[in-house]
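Data block for final_31.cif (mmCIF, C-alpha atoms):
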```cif
data_protein
#
loop_
_atom_site.label_atom_id
_atom_site.label_comp_id
_atom_site.auth_asym_id
_atom_site.auth_seq_id
_atom_site.Cartn_x
_atom_site.Cartn_y
_atom_site.Cartn_z
CA MET A 23 -2.98 -4.57 6.91
CA ILE A 24 -3.65 -8.19 7.88
CA LEU A 25 -0.93 -10.76 8.52
CA TRP A 26 -1.91 -14.40 9.07
CA LEU A 27 0.61 -16.94 10.34
CA SER A 28 -0.62 -20.51 10.01
CA PRO A 29 0.78 -24.03 9.90
CA LEU A 30 0.48 -25.60 6.47
CA ASP A 31 -1.53 -28.38 8.01
CA GLU A 32 -3.18 -31.07 5.91
CA ARG A 33 -6.38 -30.46 7.89
CA LEU A 34 -6.49 -26.87 6.58
CA HIS A 35 -5.73 -27.82 2.99
CA ARG A 36 -8.54 -27.56 0.45
CA PRO A 37 -7.11 -28.51 -2.97
CA GLN A 38 -10.55 -28.03 -4.54
CA TRP A 39 -10.18 -24.28 -3.91
CA LEU A 40 -7.22 -24.06 -6.27
CA HIS A 41 -7.79 -23.09 -9.87
CA PRO A 42 -6.81 -25.82 -12.36
CA SER A 43 -4.12 -23.53 -13.80
CA GLU A 44 -2.51 -23.28 -10.34
CA ARG A 45 -2.27 -27.04 -10.04
CA ASP A 46 -0.97 -27.36 -13.60
CA ALA A 47 1.73 -24.75 -13.00
CA LEU A 48 3.01 -26.70 -9.99
CA GLU A 49 3.22 -30.14 -11.63
CA THR A 50 6.85 -29.65 -12.63
CA LEU A 51 7.78 -28.59 -9.11
CA SER A 52 6.02 -31.64 -7.72
CA SER A 53 8.12 -34.02 -9.80
CA SER A 54 11.39 -32.46 -8.62
CA SER A 55 10.46 -31.66 -5.00
CA PRO A 56 7.23 -33.21 -3.67
CA GLN A 57 7.60 -31.72 -0.19
CA ARG A 58 8.14 -28.20 -1.49
CA SER A 59 5.25 -28.64 -3.89
CA ARG A 60 2.92 -29.51 -1.00
CA GLU A 61 4.13 -26.45 0.89
CA VAL A 62 3.56 -24.19 -2.11
CA LEU A 63 0.08 -25.62 -2.78
CA ARG A 64 -1.01 -25.26 0.84
CA SER A 65 0.35 -21.73 1.05
CA ARG A 66 -1.78 -20.81 -1.99
CA VAL A 67 -4.82 -22.21 -0.19
CA LEU A 68 -3.94 -20.12 2.86
CA LEU A 69 -3.71 -16.99 0.70
CA ARG A 70 -7.08 -17.76 -0.89
CA ARG A 71 -8.60 -18.33 2.54
CA LEU A 72 -7.31 -14.96 3.79
CA ALA A 73 -8.50 -13.06 0.72
CA ALA A 74 -11.91 -14.75 0.88
CA ARG A 75 -12.36 -13.65 4.51
CA VAL A 76 -11.49 -10.05 3.62
CA LEU A 77 -13.43 -9.86 0.35
CA GLY A 78 -16.47 -11.79 1.53
CA CYS A 79 -16.47 -14.36 -1.25
CA GLY A 80 -15.65 -18.02 -1.72
CA PRO A 81 -11.96 -18.98 -1.90
CA ARG A 82 -12.33 -20.39 -5.42
CA ALA A 83 -13.78 -17.04 -6.55
CA VAL A 84 -10.74 -15.04 -5.39
CA PRO A 85 -9.04 -13.73 -8.59
CA LEU A 86 -5.63 -14.89 -7.43
CA ARG A 87 -2.59 -15.08 -9.68
CA ALA A 88 0.23 -16.83 -7.84
CA ASP A 89 2.45 -18.45 -10.44
CA PRO A 90 5.61 -20.18 -9.14
CA GLY A 91 8.46 -17.71 -8.89
CA GLN A 92 6.18 -14.69 -9.25
CA PRO A 93 4.70 -12.45 -6.53
CA PRO A 94 1.02 -13.20 -5.84
CA ARG A 95 -1.52 -10.65 -6.96
CA LEU A 96 -5.25 -10.18 -7.27
CA HIS A 97 -5.91 -10.15 -10.99
CA SER A 98 -8.43 -7.50 -12.14
CA LEU A 99 -9.08 -6.36 -8.55
CA GLN A 100 -7.85 -2.86 -7.73
CA GLY A 101 -6.96 -1.58 -4.28
CA TRP A 102 -5.73 -4.77 -2.59
CA HIS A 103 -2.22 -6.19 -2.46
CA LEU A 104 -0.88 -9.56 -1.32
CA SER A 105 2.36 -11.05 -0.09
CA LEU A 106 3.29 -14.56 0.97
CA SER A 107 6.22 -16.35 2.60
CA HIS A 108 6.47 -20.00 3.65
CA SER A 109 9.13 -21.86 5.57
CA ARG A 110 9.41 -25.30 7.17
CA GLY A 111 5.75 -26.17 7.32
CA ALA A 112 4.28 -22.74 8.08
CA ALA A 113 3.30 -19.71 6.02
CA LEU A 114 2.71 -16.00 6.50
CA ALA A 115 0.01 -14.57 4.25
CA ALA A 116 -0.54 -10.81 4.10
CA MET A 117 -3.10 -8.48 2.56
CA ALA A 118 -3.22 -4.69 2.58
CA ARG A 119 -4.48 -1.60 0.79
CA GLN A 120 -0.91 -0.76 -0.24
CA PRO A 121 1.96 -2.78 -1.72
CA LEU A 122 3.77 -4.83 0.92
CA GLY A 123 6.29 -7.62 1.33
CA VAL A 124 6.65 -10.22 4.07
CA ASP A 125 9.18 -12.84 5.09
CA LEU A 126 8.95 -15.73 7.55
CA GLU A 127 11.85 -17.62 9.10
CA ALA A 128 12.35 -20.01 11.98
CA GLY A 129 13.39 -17.92 14.98
CA ASN A 130 16.47 -20.07 15.50
CA ARG A 131 17.71 -19.80 11.92
CA PRO A 132 21.44 -19.01 12.16
CA VAL A 133 22.72 -15.90 10.39
CA SER A 134 26.46 -15.94 11.05
CA PRO A 135 28.90 -13.02 11.30
CA ALA A 136 30.64 -14.46 8.22
CA LEU A 137 27.39 -14.30 6.26
CA ALA A 138 26.87 -10.69 7.37
CA ARG A 139 30.40 -9.76 6.27
CA ARG A 140 29.81 -11.41 2.91
CA PHE A 141 26.35 -10.09 2.07
CA PHE A 142 25.68 -6.95 4.14
CA SER A 143 27.34 -3.62 3.44
CA PRO A 144 30.75 -3.20 5.14
CA ARG A 145 29.31 -0.41 7.31
CA GLU A 146 26.40 -2.53 8.53
CA ALA A 147 28.56 -5.61 9.14
CA ARG A 148 31.03 -3.54 11.21
CA THR A 149 28.23 -1.94 13.24
CA LEU A 150 26.69 -5.34 14.02
CA ALA A 151 30.08 -6.77 15.02
CA ASP A 152 30.84 -3.81 17.31
CA LEU A 153 27.45 -4.04 19.02
CA GLU A 154 27.75 -7.82 19.39
CA ARG A 155 30.97 -7.35 21.33
CA GLU A 156 29.07 -5.04 23.71
CA ARG A 157 25.82 -6.97 24.01
CA GLY A 158 26.78 -10.61 23.46
CA PRO A 159 26.36 -13.33 20.83
CA ARG A 160 22.65 -13.96 21.44
CA TRP A 161 21.90 -10.31 20.68
CA GLY A 162 24.13 -10.47 17.62
CA GLN A 163 22.43 -13.56 16.20
CA ARG A 164 18.95 -12.11 16.76
CA GLN A 165 19.87 -8.79 15.17
CA ARG A 166 21.45 -10.38 12.10
CA LEU A 167 18.28 -12.44 11.63
CA HIS A 168 16.17 -9.29 11.93
CA CYS A 169 18.29 -7.59 9.28
CA TRP A 170 17.83 -10.59 7.00
CA LEU A 171 14.05 -10.63 7.54
CA ALA A 172 13.81 -6.92 6.85
CA LYS A 173 15.73 -7.20 3.58
CA GLU A 174 13.90 -10.31 2.38
CA SER A 175 10.63 -8.45 3.01
CA LEU A 176 11.93 -5.46 1.07
CA CYS A 177 12.77 -7.71 -1.89
CA LYS A 178 9.12 -8.84 -1.95
CA LEU A 179 7.89 -5.25 -1.73
CA LEU A 180 10.17 -3.96 -4.51
CA ASN A 181 10.17 -7.21 -6.52
CA GLN A 182 13.95 -7.06 -6.73
CA PRO A 183 16.72 -9.70 -6.41
CA LEU A 184 18.01 -10.31 -2.89
CA LEU A 185 21.74 -9.67 -3.31
CA PRO A 186 21.58 -5.97 -4.33
CA VAL A 187 19.11 -5.29 -1.50
CA LEU A 188 21.37 -6.96 1.07
CA LYS A 189 24.28 -4.75 0.06
CA SER A 190 22.60 -1.39 -0.52
CA TRP A 191 20.08 -1.22 2.34
CA ARG A 192 20.65 -1.33 6.09
CA TYR A 193 18.13 -2.01 8.82
CA ASP A 194 17.70 0.45 11.73
CA PRO A 195 16.01 -1.47 14.60
CA ASP A 196 15.39 1.64 16.70
CA ARG A 197 13.41 3.38 13.97
CA GLN A 198 12.05 0.14 12.43
CA VAL A 199 13.07 1.26 8.96
CA LEU A 200 15.34 0.23 6.12
CA ILE A 201 17.67 2.93 4.84
CA HIS A 202 19.22 3.01 1.37
CA GLY A 203 22.77 4.23 0.88
CA ARG A 204 21.32 7.21 -1.01
CA GLY A 205 18.96 8.13 1.83
CA GLN A 206 15.59 6.55 0.90
CA VAL A 207 13.72 5.24 3.96
CA ILE A 208 11.08 2.46 3.99
CA PRO A 209 9.21 1.31 7.13
CA CYS A 210 9.77 -2.29 8.19
CA ARG A 211 8.19 -4.07 11.14
CA ILE A 212 9.89 -7.09 12.70
CA GLY A 213 8.11 -9.43 15.09
CA SER A 214 7.99 -12.95 16.48
CA GLU A 215 5.27 -15.45 17.21
CA GLY A 216 6.10 -18.72 18.94
CA PRO A 217 9.07 -20.33 17.18
CA TRP A 218 8.77 -17.99 14.19
CA SER A 219 10.19 -14.58 13.33
CA TRP A 220 8.70 -12.38 10.62
CA GLY A 221 9.28 -9.14 8.74
CA CYS A 222 6.86 -6.86 6.93
CA CYS A 223 7.77 -3.90 4.69
CA ALA A 224 5.41 -1.30 3.22
CA MET A 225 5.89 2.14 1.74
CA ALA A 226 4.00 3.79 4.61
CA PRO A 227 3.34 2.74 8.22
CA ALA A 228 -0.02 1.05 8.75
CA PRO A 229 -1.88 -0.64 11.63
CA VAL A 230 -1.38 -4.41 11.63
CA SER A 231 -3.92 -7.08 12.51
CA PHE A 232 -2.07 -10.31 13.26
CA TRP A 233 -3.89 -13.64 13.00
CA THR A 234 -2.38 -16.94 14.12
CA GLY A 235 -3.50 -20.53 13.75
CA ALA A 236 -6.83 -21.46 12.28
CA VAL A 237 -9.59 -18.93 11.68
CA PRO A 238 -13.19 -19.68 10.72
CA GLU A 239 -13.97 -20.89 7.23
CA PRO A 240 -14.78 -18.17 4.67
CA PRO A 241 -18.41 -17.00 4.89
CA CYS A 242 -19.44 -18.05 1.38
CA PRO A 243 -19.26 -21.41 -0.35
CA ALA A 244 -16.42 -22.03 -2.77
#
```
Please lay out the structure from this file as structure tokens.
Amino acid sequence: MILWLSPLDERLHRPQWLHPSERDALETLSSSSPQRSREVLRSRVLLRRLAARVLGCGPRAVPLRADPGQPPRLHSLQGWHLSLSHSRGAALAAMARQPLGVDLEAGNRPVSPALARRFFSPREARTLADLERERGPRWGQRQRLHCWLAKESLCKLLNQPLLPVLKSWRYDPDRQVLIHGRGQVIPCRIGSEGPWSWGCCAMAPAPVSFWTGAVPEPPCPA
């Protein structure tokens, strides 16, 4: 499992690597939100760059399907799975031999007790509040963010809406797992890198290679 956290820097952007259909699909987004469109485009380039490094081909040759609003996938290529999250000028691209989901957030993103009471299960919200009284507000804020990251990652893995996942799953930081109210358990790793915090869910534990910043260009021409 490879996770690559990178700034969505103009110097790393290679619009010529995108397939014409990718650019066409994002034209509507560009007209309504130019900044978000740039972030989406550059995150697609990052995903192509990662897949090209792993597959040993040019980025343009990667059979990527990453339509807006849909999870990215490698069309007609069996055995590899992708996930992608972008936030505030950075992106986390992931690739593995099993389905996975990732989420990226600024490490200082506030997740308030009121938000936890509204969107987490009553049991989880009470547990977090009790532990915050023991360990302090900084611990409470960090743990609520970790719960959010874990559940956002799970949504990507299961391709499900966020709200039901927030309510029906709880995050156990000691075991690094998400637990459903009916007992199902899914591994979830939470980490941080510089100003960023990230989550990664997969059906089974797997070794993680974590890349940050720029890596060499793919070995083959586009």
Which one of A:Gln57, A:Pro121, A:Arg110, A:Lys173 sits closest to Pro186 of chain A if you count only C-alpha atoms?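 Nearest to Pro186 of chain A: A:Lys173.
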Go through the shown structure with the PyMOL selection byres ((chain A and resi 44) around 12) and write out the matching residues as a ChimeraX atom specification. /A:37-43,45-51,59,62-67,70,82,85-90,94
Report as a list in words all protein, DNA and RNA residues lying within 7 Å of Ala172 of chain A, evaluated on all atoms listed in the file, omitting residues in the same chain fewer than 4 positions from it. His168, Leu176, Tyr193, Cys210, Gly221 and Cys222 of chain A
Just the number, please: distance in Å from atom CA of Ser143 of chain A to atom CA of Trp191 of chain A, one decimal. 7.7 Å
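Minimum atom-to-atom distances from A:Arg60, A:Leu25, A:Leu69, A:Leu104 to Glu215 of chain A were compared using only C-alpha atoms, and the lowest value belongs to A:Leu25.
For Ala228 of chain A, the list of residues within 10 Å, based on only C-alpha atoms and with local chain neighbours fewer than 2 positions off taken out, reads A:Met23, A:Ile24, A:Ala118, A:Arg119, A:Gln120, A:Pro209, A:Arg211, A:Ala224, A:Met225, A:Ala226, A:Val230, A:Ser231.
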Ala128 of chain A environment, 10 Å, all atoms listed in the file, sequence neighbours closer than 2 positions dropped, as number ranges by chain: A: 109-110, 112, 126, 130-132, 167, 214-220
Keeping only C-alpha atoms, write the selected residues as a compact mmCIF listing (two decimals), keeping the file's coordinate frame.
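This went into result.txt:
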```txt
# COMPACT_ATOMS: atom_id res chain seq x y z
CA SER A 109 9.13 -21.86 5.57
CA ARG A 110 9.41 -25.30 7.17
CA ALA A 112 4.28 -22.74 8.08
CA LEU A 126 8.95 -15.73 7.55
CA ASN A 130 16.47 -20.07 15.50
CA ARG A 131 17.71 -19.80 11.92
CA PRO A 132 21.44 -19.01 12.16
CA LEU A 167 18.28 -12.44 11.63
CA SER A 214 7.99 -12.95 16.48
CA GLU A 215 5.27 -15.45 17.21
CA GLY A 216 6.10 -18.72 18.94
CA PRO A 217 9.07 -20.33 17.18
CA TRP A 218 8.77 -17.99 14.19
CA SER A 219 10.19 -14.58 13.33
CA TRP A 220 8.70 -12.38 10.62
```
Residue by residue, what does the PyMOL selection byres ((chain A and resi 28) around 6) grab here? Present the result as JSON, numbers by chain. {"A": [27, 29, 112, 113, 234, 235]}
Selection dump of the PyMOL selection byres ((chain A and resi 105) around 8), as a PyMOL selection string: chain A and resi 93-95+103-104+106-107+115-117+122-124+178
What's the 7 Å shell around Ser190 of chain A, counting only C-alpha atoms, without same-chain residues fewer than 2 positions away, as a VMD selection string? chain A and resid 143 186 to 188 192 202 to 203
Please list as a VMD selection string every residue within 8 Å of Phe142 of chain A, counting all atoms listed in the file and excluding residues in the same chain fewer than 2 positions away. chain A and resid 137 to 140 144 146 to 147 188 to 190 192
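For the set A:Leu30, A:Val199, A:Leu184, A:Ala74, the residue with the smallest atom-to-atom gap to Arg58 of chain A is A:Leu30, counting all atoms listed in the file.
The spacing separating atom CA of Gln165 of chain A from atom CA of Pro195 of chain A amounts to 8.3 Å.
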